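Note: the block below is my_file-v7.txt and it holds compact mmCIF, C-alpha atoms.
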# COMPACT_ATOMS: atom_id res chain seq x y z
CA MET H 13 146.80 209.27 106.94
CA SER H 14 150.07 211.11 106.49
CA THR H 15 151.31 208.37 104.17
CA ILE H 16 148.18 208.65 102.02
CA ALA H 17 148.49 212.43 101.91
CA THR H 18 152.14 212.17 100.93
CA ALA H 19 151.33 209.72 98.11
CA ALA H 20 148.52 211.94 96.84
CA ALA H 21 150.82 214.96 96.84
CA GLY H 22 153.44 212.99 94.95
CA THR H 23 150.87 211.94 92.34
CA GLU H 24 149.71 215.53 91.88
CA ALA H 25 153.33 216.65 91.49
CA ALA H 26 154.05 213.96 88.89
CA ALA H 27 150.98 214.71 86.77
CA PRO H 28 152.06 218.20 85.68
CA SER H 29 155.50 216.91 84.71
CA ARG H 30 154.00 214.29 82.37
CA PHE H 31 151.72 216.96 80.98
CA ASP H 32 154.70 219.24 80.38
CA VAL H 33 156.50 216.42 78.53
CA TRP H 34 153.57 215.99 76.15
CA ILE H 35 153.43 219.72 75.54
CA TRP H 36 157.15 219.68 74.72
CA ILE H 37 156.70 216.75 72.34
CA GLU H 38 153.78 218.41 70.56
CA THR H 39 155.69 221.67 70.27
CA ALA H 40 158.76 219.91 68.88
CA ALA H 41 156.62 218.00 66.38
CA ALA H 42 154.90 221.20 65.28
CA TRP H 43 158.27 222.90 64.73
CA LEU H 44 159.55 219.85 62.82
CA PHE H 45 156.55 219.76 60.50
CA GLY H 46 156.80 223.51 60.03
CA ILE H 47 160.47 223.29 59.04
CA VAL H 48 159.77 220.42 56.63
CA TRP H 49 156.91 222.42 55.06
CA ILE H 50 158.84 225.66 54.64
CA ALA H 51 162.16 224.10 53.56
CA PRO H 52 161.33 224.02 49.80
CA LEU H 53 160.21 227.64 49.95
CA LEU H 54 163.41 228.67 51.71
CA TYR H 55 165.49 226.85 49.09
CA ALA H 56 163.55 228.56 46.29
CA VAL H 57 164.24 231.96 47.87
CA TRP H 58 167.93 231.13 48.28
CA ALA H 59 168.35 229.92 44.69
CA ALA H 60 166.37 232.82 43.25
CA ILE H 61 168.47 235.57 44.83
CA HIS H 62 171.89 234.01 44.17
CA PRO H 63 173.82 233.29 40.95
CA THR H 64 173.39 229.89 39.36
CA GLY H 65 176.72 228.59 40.67
CA TYR H 66 175.63 229.16 44.27
CA ALA H 67 172.17 227.56 43.98
CA THR H 68 173.27 224.40 45.79
CA THR H 69 176.38 225.46 47.68
CA PHE H 70 174.67 227.44 50.48
CA ASP H 71 177.64 229.72 50.91
CA LEU H 72 176.65 232.49 53.33
CA LEU H 73 179.12 234.82 51.61
CA ALA H 74 177.60 234.23 48.16
CA PRO H 75 176.74 237.43 46.25
CA LEU H 76 173.11 238.47 46.00
CA THR H 77 171.43 239.14 42.67
CA PHE H 78 167.94 239.80 41.33
CA GLU H 79 168.84 239.17 37.69
CA ASN H 80 167.23 235.73 37.87
CA PHE H 81 163.80 237.34 38.14
CA ALA H 82 164.44 239.58 35.13
CA THR H 83 165.78 236.66 33.12
CA ALA H 84 162.81 234.49 33.98
CA TRP H 85 160.34 237.26 33.12
CA VAL H 86 161.75 237.82 29.62
CA SER H 87 162.33 234.10 28.93
CA ALA H 88 158.60 233.30 28.87
CA PRO H 89 155.38 235.32 28.38
CA PHE H 90 154.63 235.49 32.10
CA ALA H 91 152.64 238.70 31.66
CA ARG H 92 150.20 236.79 29.47
CA TYR H 93 150.15 233.88 31.94
CA PHE H 94 149.32 236.25 34.80
CA LEU H 95 146.52 237.86 32.78
CA ASN H 96 145.04 234.48 31.83
CA THR H 97 145.15 233.29 35.44
CA PHE H 98 143.56 236.48 36.75
CA ILE H 99 140.75 236.24 34.20
CA LEU H 100 140.28 232.55 35.01
CA VAL H 101 140.05 232.81 38.80
CA THR H 102 137.84 235.93 38.60
CA MET H 103 135.46 234.30 36.14
CA ILE H 104 135.17 231.12 38.20
CA LEU H 105 134.73 232.99 41.49
CA VAL H 106 131.96 235.25 40.17
CA ALA H 107 130.12 232.30 38.61
CA GLN H 108 130.47 230.24 41.79
CA PHE H 109 129.17 233.05 43.98
CA VAL H 110 126.08 233.47 41.79
CA LEU H 111 125.27 229.79 41.22
CA CYS H 112 126.15 228.59 44.72
CA THR H 113 124.18 231.41 46.35
CA LEU H 114 121.03 230.62 44.39
CA ALA H 115 121.31 226.87 44.91
CA ALA H 116 122.15 227.18 48.60
CA PHE H 117 119.21 229.51 49.21
CA VAL H 118 116.82 227.05 47.58
CA PHE H 119 118.15 224.10 49.56
CA ALA H 120 118.14 226.09 52.80
CA ARG H 121 114.67 227.66 52.66
CA ALA H 122 112.59 226.11 49.89
CA ASP H 123 110.48 223.13 50.94
CA PHE H 124 109.63 220.93 47.97
CA PRO H 125 109.37 217.17 47.41
CA GLY H 126 112.71 215.53 46.76
CA SER H 127 114.83 218.42 48.02
CA GLY H 128 116.80 216.09 50.30
CA ILE H 129 117.51 213.70 47.44
CA LEU H 130 118.64 216.52 45.16
CA PHE H 131 120.93 217.90 47.86
CA ALA H 132 122.40 214.42 48.38
CA LEU H 133 123.11 214.22 44.64
CA VAL H 134 124.89 217.56 44.85
CA LEU H 135 127.03 216.26 47.69
CA VAL H 136 128.02 213.25 45.60
CA GLN H 137 130.24 215.65 43.67
CA LEU H 138 132.40 215.98 46.78
CA MET H 139 133.19 212.28 46.56
CA ILE H 140 134.34 212.41 42.92
CA THR H 141 137.79 213.80 42.19
CA PRO H 142 137.96 216.11 39.16
CA ASP H 143 140.67 213.93 37.59
CA VAL H 144 138.13 211.14 37.07
CA LEU H 145 136.11 213.40 34.77
CA LEU H 146 138.98 214.57 32.56
CA VAL H 147 137.97 212.52 29.51
CA GLU H 148 134.27 213.36 29.69
CA ASN H 149 134.96 217.02 30.33
CA TYR H 150 137.32 217.16 27.36
CA ARG H 151 134.73 215.50 25.10
CA THR H 152 132.11 217.99 26.28
CA MET H 153 134.36 220.99 25.63
CA SER H 154 135.29 219.58 22.23
CA THR H 155 131.62 219.20 21.33
CA LEU H 156 130.96 222.79 22.39
CA GLY H 157 133.98 224.01 20.41
CA LEU H 158 135.67 225.45 23.48
CA VAL H 159 138.97 223.55 23.45
CA ASP H 160 141.97 225.83 24.07
CA THR H 161 139.91 228.63 25.64
CA ILE H 162 139.94 230.14 29.12
CA LEU H 163 136.20 229.46 29.37
CA ALA H 164 136.85 225.74 28.91
CA ILE H 165 139.25 225.75 31.87
CA GLY H 166 136.71 227.27 34.22
CA LEU H 167 133.40 225.86 33.00
CA PRO H 168 133.60 222.48 34.83
CA TYR H 169 134.20 224.26 38.16
CA MET H 170 131.51 226.94 38.07
CA ALA H 171 129.03 224.88 40.09
CA SER H 172 130.76 223.84 43.32
CA ALA H 173 129.19 221.30 45.65
CA PHE H 174 131.44 222.51 48.45
CA GLY H 175 130.29 226.09 47.94
CA ILE H 176 126.63 225.06 47.88
CA PHE H 177 127.04 223.04 51.06
CA LEU H 178 128.94 225.78 52.87
CA LEU H 179 126.46 228.52 51.99
CA ARG H 180 123.47 226.30 52.71
CA GLN H 181 124.72 225.64 56.23
CA THR H 182 125.22 229.38 56.71
CA PHE H 183 121.80 230.32 55.34
CA LYS H 184 120.08 227.76 57.58
CA GLN H 185 121.51 229.58 60.62
CA VAL H 186 119.78 232.85 59.64
CA PRO H 187 116.67 233.36 61.85
CA LEU H 188 113.39 233.08 59.99
CA GLU H 189 112.18 236.16 61.83
CA LEU H 190 114.50 238.30 59.72
CA GLU H 191 113.02 236.90 56.52
CA GLU H 192 109.48 237.42 57.78
CA ALA H 193 110.28 241.00 58.77
CA ALA H 194 111.68 241.64 55.29
CA ARG H 195 108.50 240.27 53.70
CA VAL H 196 106.40 242.55 55.90
CA GLU H 197 108.45 245.45 54.55
CA GLY H 198 107.49 244.39 51.04
CA CYS H 199 110.66 242.60 49.93
CA GLY H 200 110.38 239.83 47.38
CA THR H 201 112.35 236.60 47.40
CA MET H 202 115.34 237.99 45.50
CA ALA H 203 115.43 241.13 47.63
CA ILE H 204 115.40 239.00 50.80
CA LEU H 205 118.29 236.97 49.47
CA LEU H 206 120.36 240.02 48.58
CA ARG H 207 119.50 242.19 51.60
CA VAL H 208 119.24 239.61 54.39
CA TYR H 209 121.05 236.37 53.61
CA VAL H 210 124.02 237.56 51.55
CA PRO H 211 125.16 240.32 53.97
CA LEU H 212 124.98 237.91 56.93
CA ALA H 213 127.08 235.37 55.03
CA LYS H 214 130.01 237.69 54.24
CA PRO H 215 132.49 235.70 56.41
CA THR H 216 131.54 232.53 54.55
CA TYR H 217 131.95 234.24 51.18
CA LEU H 218 135.39 235.46 52.19
CA ALA H 219 136.51 232.02 53.37
CA TYR H 220 135.17 230.25 50.30
CA GLY H 221 136.56 232.91 47.96
CA LEU H 222 140.07 232.48 49.33
CA VAL H 223 139.86 228.70 48.97
CA SER H 224 138.51 228.94 45.43
CA VAL H 225 141.13 231.42 44.24
CA SER H 226 143.94 229.38 45.80
CA PHE H 227 142.74 226.12 44.23
CA HIS H 228 142.24 227.45 40.72
CA TRP H 229 145.41 229.53 40.81
CA ASN H 230 147.36 226.31 41.45
CA ASN H 231 145.25 223.93 39.35
CA PHE H 232 147.45 222.19 36.79
CA LEU H 233 146.17 218.95 35.26
CA TRP H 234 142.91 220.12 33.64
CA PRO H 235 144.42 223.37 32.23
CA LEU H 236 147.30 221.31 30.85
CA VAL H 237 144.89 218.97 29.07
CA ILE H 238 142.51 221.58 27.64
CA THR H 239 144.99 224.29 26.54
CA ASN H 240 147.45 224.25 23.68
CA SER H 241 148.62 227.84 23.17
CA VAL H 242 150.24 230.68 25.06
CA GLU H 243 147.08 232.78 24.67
CA THR H 244 145.14 230.49 27.02
CA ARG H 245 147.73 228.91 29.34
CA PRO H 246 147.54 229.86 33.03
CA LEU H 247 150.57 230.30 35.24
CA THR H 248 150.86 226.69 36.37
CA VAL H 249 151.00 225.31 32.83
CA GLY H 250 153.24 228.12 31.65
CA LEU H 251 155.67 227.47 34.49
CA ALA H 252 155.76 223.74 33.67
CA VAL H 253 156.52 224.50 30.01
CA PHE H 254 159.17 227.00 31.09
CA ALA H 255 160.88 224.38 33.27
CA THR H 256 161.15 221.71 30.57
CA LEU H 257 164.45 220.31 29.35
CA ASP H 258 164.23 222.38 26.17
CA GLN H 259 164.70 225.49 28.28
CA GLY H 260 167.64 224.01 30.19
CA ILE H 261 167.70 223.22 33.89
CA ASP H 262 168.79 226.41 35.63
CA TRP H 263 167.50 226.10 39.18
CA ALA H 264 168.14 229.73 39.98
CA ILE H 265 165.94 230.97 37.14
CA ILE H 266 163.31 228.25 37.71
CA SER H 267 163.16 229.17 41.40
CA ALA H 268 162.75 232.84 40.50
CA ALA H 269 159.90 232.00 38.13
CA THR H 270 158.27 229.82 40.79
CA LEU H 271 158.41 232.62 43.34
CA MET H 272 156.89 235.05 40.85
CA THR H 273 153.94 232.77 40.19
CA SER H 274 153.31 231.99 43.84
CA ALA H 275 153.97 235.49 45.21
CA PRO H 276 150.36 236.75 44.87
CA LEU H 277 149.00 233.80 46.87
CA LEU H 278 151.70 234.09 49.53
CA LEU H 279 151.10 237.81 49.87
CA GLY H 280 147.34 237.32 50.03
CA PHE H 281 147.69 234.69 52.74
CA LEU H 282 150.01 236.87 54.81
CA LEU H 283 147.63 239.81 54.54
CA PHE H 284 144.38 237.94 55.16
CA GLN H 285 145.39 234.95 57.26
CA ARG H 286 143.52 236.21 60.35
CA GLN H 287 140.35 236.95 58.37
CA PHE H 288 140.73 233.59 56.65
CA VAL H 289 140.80 231.62 59.91
CA GLN H 290 138.06 233.69 61.53
CA SER H 291 135.83 233.31 58.47
CA PHE H 292 136.03 229.53 58.60
CA MET H 293 135.35 229.54 62.32
CA ARG H 294 132.28 231.74 61.84
CA ALA H 295 131.15 229.63 58.91
CA GLY H 296 130.59 226.78 61.34
CA ILE H 297 133.02 224.23 59.93
CA LYS H 298 133.36 221.42 62.45
Output the file's structure in the form of structure tokens.
Amino acid sequence: MSTIATAAAGTEAAAPSRFDVWIWIETAAAWLFGIVWIAPLLYAVWAAIHPTGYATTFDLLAPLTFENFATAWVSAPFARYFLNTFILVTMILVAQFVLCTLAAFVFARADFPGSGILFALVLVQLMITPDVLLVENYRTMSTLGLVDTILAIGLPYMASAFGIFLLRQTFKQVPLELEEAARVEGCGTMAILLRVYVPLAKPTYLAYGLVSVSFHWNNFLWPLVITNSVETRPLTVGLAVFATLDQGIDWAIISAATLMTSAPLLLGFLLFQRQFVQSFMRAGIK
């Protein structure tokens, strides 16, 4: 009996050590991936705040300078690029909120023949990458006479299957008793949507809004295809044009311009990262 007890105690003592090893491995891997992810950003910060000659030397005694930001700002119409991008993401977000809310409410509460088939067709959009539709979207915008306009950049994204799916799942979790109580109070369908469903889905709207703004702020290929002039280019396309060979390869200035274009997203993530994570958790994403 004593031998068995001793063996059991030894097994119990060995188990935590193996568990601790796995925790150490996972922690080390997490730190490694984190360093690999943040390394380009750290290099961009280093190059942006040092003279051009020190962009690749990593001399800790190198002088600091912020002239690269001023040079980048005056070397390209970044003010116009920022304005175009702000108009673009705002226009798309407002249109998505309106269209996705109406569609999600219908799919969540309306019972009509073929609703399941229609919802499945909506979800098919999730399986098609936007790059596949570049040619057809361009032909459509050309037919409508919208080539080289901000509206043409945002129009293909105003109805989002992901947004419809996310809001539908949220609306289906709202108790029917609340809707029935609102009808007893004399609310119509639109009033129920605006006073019952939309307020209860605020965490979902916040999560989806952050994802939408981030995606369209960084979207590059479609804006590059559909725009031709400074008056309509967003930041991503403007930065790519700024970094071409015609402008000369100055990594310090390019890094400064890159930080300027990404600063709003980085700041927004740092300020709202807790709300962002909590919103997705409340939205019921599994």
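CA of Asn96 in chain H is found 14.9 Å from CA of Met272 in chain H.
Excluding range 150-156 of chain H and any residue on its chain fewer than 6 positions from it, the residues at most 9 Å away by only C-alpha atoms are Ala164, Leu167, Trp234, Val237 and Ile238 of chain H.
CA of Pro142 in chain H lies 26.6 Å from CA of Leu271 in chain H.
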Using all atoms listed in the file, what does the table of range 195-280 of chain H residues within 10 Å of range 73-90 of chain H look like, with each row giving the shortest atom pair and its distance in Å to one decimal, sorted by chain and ascending number, as a tab-separated table?
residue	atom	partner	partner_atom	distance
H:Val242	CA	H:Pro89	CA	7.7
H:Glu243	CA	H:Pro89	CA	9.4
H:Arg245	CA	H:Phe90	CA	9.9
H:Pro246	CA	H:Phe90	CA	9.1
H:Leu247	CA	H:Phe90	CA	7.3
H:Gly250	CA	H:Phe90	CA	7.5
H:Leu251	CA	H:Phe90	CA	8.4
H:Val253	CA	H:Ala88	CA	9.1
H:Phe254	CA	H:Ala88	CA	6.7
H:Gln259	CA	H:Ser87	CA	9.0
H:Asp262	CA	H:Asn80	CA	9.7
H:Trp263	CA	H:Asn80	CA	9.7
H:Ala264	CA	H:Asn80	CA	6.4
H:Ile265	CA	H:Asn80	CA	5.0
H:Ile266	CA	H:Ala84	CA	7.3
H:Ser267	CA	H:Asn80	CA	8.5
H:Ala268	CA	H:Phe81	CA	5.2
H:Ala269	CA	H:Ala84	CA	5.6
H:Thr270	CA	H:Ala84	CA	9.4
H:Leu271	CA	H:Phe81	CA	8.9
H:Met272	CA	H:Phe81	CA	7.8
H:Thr273	CA	H:Phe90	CA	8.6
Exercise for the section: Find the residue from H:Val144, H:Val118, H:Met170, H:Val106 that sits nearest to Gly221 in chain H; use only C-alpha atoms when measuring. Expected result: H:Val106
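In this structure, CA of Thr244 in chain H sits 20.5 Å away from CA of Glu148 in chain H.
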Practice task
Find, counting all atoms listed in the file, the residue in H:Trp58, H:Phe284, H:Trp229, H:Trp36 that gets nearest to Leu72 in chain H.
Solution key: H:Trp58
Practice task
Find the residue from H:Asn230, H:Gln137, H:Gln285, H:Thr182 that sits nearest to Pro168 in chain H; use all atoms listed in the file when measuring.
Solution key: H:Gln137
Exercise for the section: Would you list the contacts of range 121-136 of chain H as a ChimeraX atom specification, taking every protein, DNA or RNA residue within 9 Å and counting all atoms listed in the file, but skipping same-chain residues closer than 2 positions in sequence? Expected result: /H:116-119,138-140,172-174,176-177,180,183-184
Practice task
Find, counting only C-alpha atoms, the residue in H:Ala41, H:Cys199, H:Ile162, H:Leu282 that gets nearest to Tyr93 in chain H.
Solution key: H:Ile162
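For the residues H:Pro276, H:Met202, H:Ala255, H:Thr216, ranking by smallest atom-to-atom distance to Phe98 in chain H using all atoms listed in the file places H:Pro276 first.
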Quick one: range 183-210 of chain H with N, CA and C atoms, as a PDB file, in the coordinates of the input?
ATOM      1  N   PHE H 183     123.148 229.767  55.503  1.00  0.00           N
ATOM      2  CA  PHE H 183     121.800 230.320  55.340  1.00  0.00           C
ATOM      3  C   PHE H 183     120.809 229.695  56.321  1.00  0.00           C
ATOM      4  N   LYS H 184     121.004 228.417  56.651  1.00  0.00           N
ATOM      5  CA  LYS H 184     120.080 227.760  57.580  1.00  0.00           C
ATOM      6  C   LYS H 184     120.213 228.323  58.994  1.00  0.00           C
ATOM      7  N   GLN H 185     121.329 228.986  59.301  1.00  0.00           N
ATOM      8  CA  GLN H 185     121.510 229.580  60.620  1.00  0.00           C
ATOM      9  C   GLN H 185     120.876 230.968  60.732  1.00  0.00           C
ATOM     10  N   VAL H 186     120.418 231.531  59.609  1.00  0.00           N
ATOM     11  CA  VAL H 186     119.780 232.850  59.640  1.00  0.00           C
ATOM     12  C   VAL H 186     118.383 232.703  60.229  1.00  0.00           C
ATOM     13  N   PRO H 187     118.018 233.480  61.241  1.00  0.00           N
ATOM     14  CA  PRO H 187     116.670 233.360  61.850  1.00  0.00           C
ATOM     15  C   PRO H 187     115.574 233.655  60.840  1.00  0.00           C
ATOM     16  N   LEU H 188     114.523 232.864  60.889  1.00  0.00           N
ATOM     17  CA  LEU H 188     113.390 233.080  59.990  1.00  0.00           C
ATOM     18  C   LEU H 188     112.688 234.393  60.264  1.00  0.00           C
ATOM     19  N   GLU H 189     112.829 234.899  61.486  1.00  0.00           N
ATOM     20  CA  GLU H 189     112.180 236.160  61.830  1.00  0.00           C
ATOM     21  C   GLU H 189     112.686 237.305  60.953  1.00  0.00           C
ATOM     22  N   LEU H 190     113.964 237.256  60.589  1.00  0.00           N
ATOM     23  CA  LEU H 190     114.500 238.300  59.720  1.00  0.00           C
ATOM     24  C   LEU H 190     113.855 238.243  58.333  1.00  0.00           C
ATOM     25  N   GLU H 191     113.668 237.043  57.821  1.00  0.00           N
ATOM     26  CA  GLU H 191     113.020 236.900  56.520  1.00  0.00           C
ATOM     27  C   GLU H 191     111.573 237.360  56.582  1.00  0.00           C
ATOM     28  N   GLU H 192     110.872 236.998  57.647  1.00  0.00           N
ATOM     29  CA  GLU H 192     109.480 237.420  57.780  1.00  0.00           C
ATOM     30  C   GLU H 192     109.364 238.931  57.913  1.00  0.00           C
ATOM     31  N   ALA H 193     110.293 239.544  58.639  1.00  0.00           N
ATOM     32  CA  ALA H 193     110.280 241.000  58.770  1.00  0.00           C
ATOM     33  C   ALA H 193     110.518 241.663  57.419  1.00  0.00           C
ATOM     34  N   ALA H 194     111.418 241.086  56.615  1.00  0.00           N
ATOM     35  CA  ALA H 194     111.680 241.640  55.290  1.00  0.00           C
ATOM     36  C   ALA H 194     110.458 241.519  54.393  1.00  0.00           C
ATOM     37  N   ARG H 195     109.719 240.429  54.499  1.00  0.00           N
ATOM     38  CA  ARG H 195     108.500 240.270  53.700  1.00  0.00           C
ATOM     39  C   ARG H 195     107.438 241.271  54.122  1.00  0.00           C
ATOM     40  N   VAL H 196     107.353 241.544  55.418  1.00  0.00           N
ATOM     41  CA  VAL H 196     106.400 242.550  55.900  1.00  0.00           C
ATOM     42  C   VAL H 196     106.729 243.916  55.310  1.00  0.00           C
ATOM     43  N   GLU H 197     108.022 244.183  55.135  1.00  0.00           N
ATOM     44  CA  GLU H 197     108.450 245.450  54.550  1.00  0.00           C
ATOM     45  C   GLU H 197     108.239 245.508  53.049  1.00  0.00           C
ATOM     46  N   GLY H 198     107.796 244.408  52.458  1.00  0.00           N
ATOM     47  CA  GLY H 198     107.490 244.390  51.040  1.00  0.00           C
ATOM     48  C   GLY H 198     108.578 243.825  50.154  1.00  0.00           C
ATOM     49  N   CYS H 199     109.578 243.175  50.734  1.00  0.00           N
ATOM     50  CA  CYS H 199     110.660 242.600  49.930  1.00  0.00           C
ATOM     51  C   CYS H 199     110.217 241.288  49.282  1.00  0.00           C
ATOM     52  N   GLY H 200     110.623 241.094  48.040  1.00  0.00           N
ATOM     53  CA  GLY H 200     110.380 239.830  47.380  1.00  0.00           C
ATOM     54  C   GLY H 200     111.468 238.829  47.720  1.00  0.00           C
ATOM     55  N   THR H 201     111.395 237.662  47.086  1.00  0.00           N
ATOM     56  CA  THR H 201     112.350 236.600  47.400  1.00  0.00           C
ATOM     57  C   THR H 201     113.783 237.005  47.065  1.00  0.00           C
ATOM     58  N   MET H 202     113.987 237.597  45.887  1.00  0.00           N
ATOM     59  CA  MET H 202     115.340 237.990  45.500  1.00  0.00           C
ATOM     60  C   MET H 202     115.864 239.117  46.388  1.00  0.00           C
ATOM     61  N   ALA H 203     114.997 240.043  46.749  1.00  0.00           N
ATOM     62  CA  ALA H 203     115.430 241.130  47.630  1.00  0.00           C
ATOM     63  C   ALA H 203     115.793 240.597  49.009  1.00  0.00           C
ATOM     64  N   ILE H 204     115.063 239.610  49.506  1.00  0.00           N
ATOM     65  CA  ILE H 204     115.400 239.000  50.800  1.00  0.00           C
ATOM     66  C   ILE H 204     116.757 238.323  50.732  1.00  0.00           C
ATOM     67  N   LEU H 205     116.994 237.632  49.627  1.00  0.00           N
ATOM     68  CA  LEU H 205     118.290 236.970  49.470  1.00  0.00           C
ATOM     69  C   LEU H 205     119.442 237.971  49.476  1.00  0.00           C
ATOM     70  N   LEU H 206     119.271 239.060  48.737  1.00  0.00           N
ATOM     71  CA  LEU H 206     120.360 240.020  48.580  1.00  0.00           C
ATOM     72  C   LEU H 206     120.523 240.940  49.783  1.00  0.00           C
ATOM     73  N   ARG H 207     119.437 241.216  50.506  1.00  0.00           N
ATOM     74  CA  ARG H 207     119.500 242.190  51.600  1.00  0.00           C
ATOM     75  C   ARG H 207     119.582 241.547  52.984  1.00  0.00           C
ATOM     76  N   VAL H 208     119.227 240.272  53.079  1.00  0.00           N
ATOM     77  CA  VAL H 208     119.240 239.610  54.390  1.00  0.00           C
ATOM     78  C   VAL H 208     120.305 238.516  54.426  1.00  0.00           C
ATOM     79  N   TYR H 209     120.196 237.559  53.526  1.00  0.00           N
ATOM     80  CA  TYR H 209     121.050 236.370  53.610  1.00  0.00           C
ATOM     81  C   TYR H 209     122.496 236.665  53.185  1.00  0.00           C
ATOM     82  N   VAL H 210     122.660 237.320  52.052  1.00  0.00           N
ATOM     83  CA  VAL H 210     124.020 237.560  51.550  1.00  0.00           C
ATOM     84  C   VAL H 210     124.854 238.420  52.501  1.00  0.00           C
TER      85      VAL H 210
END
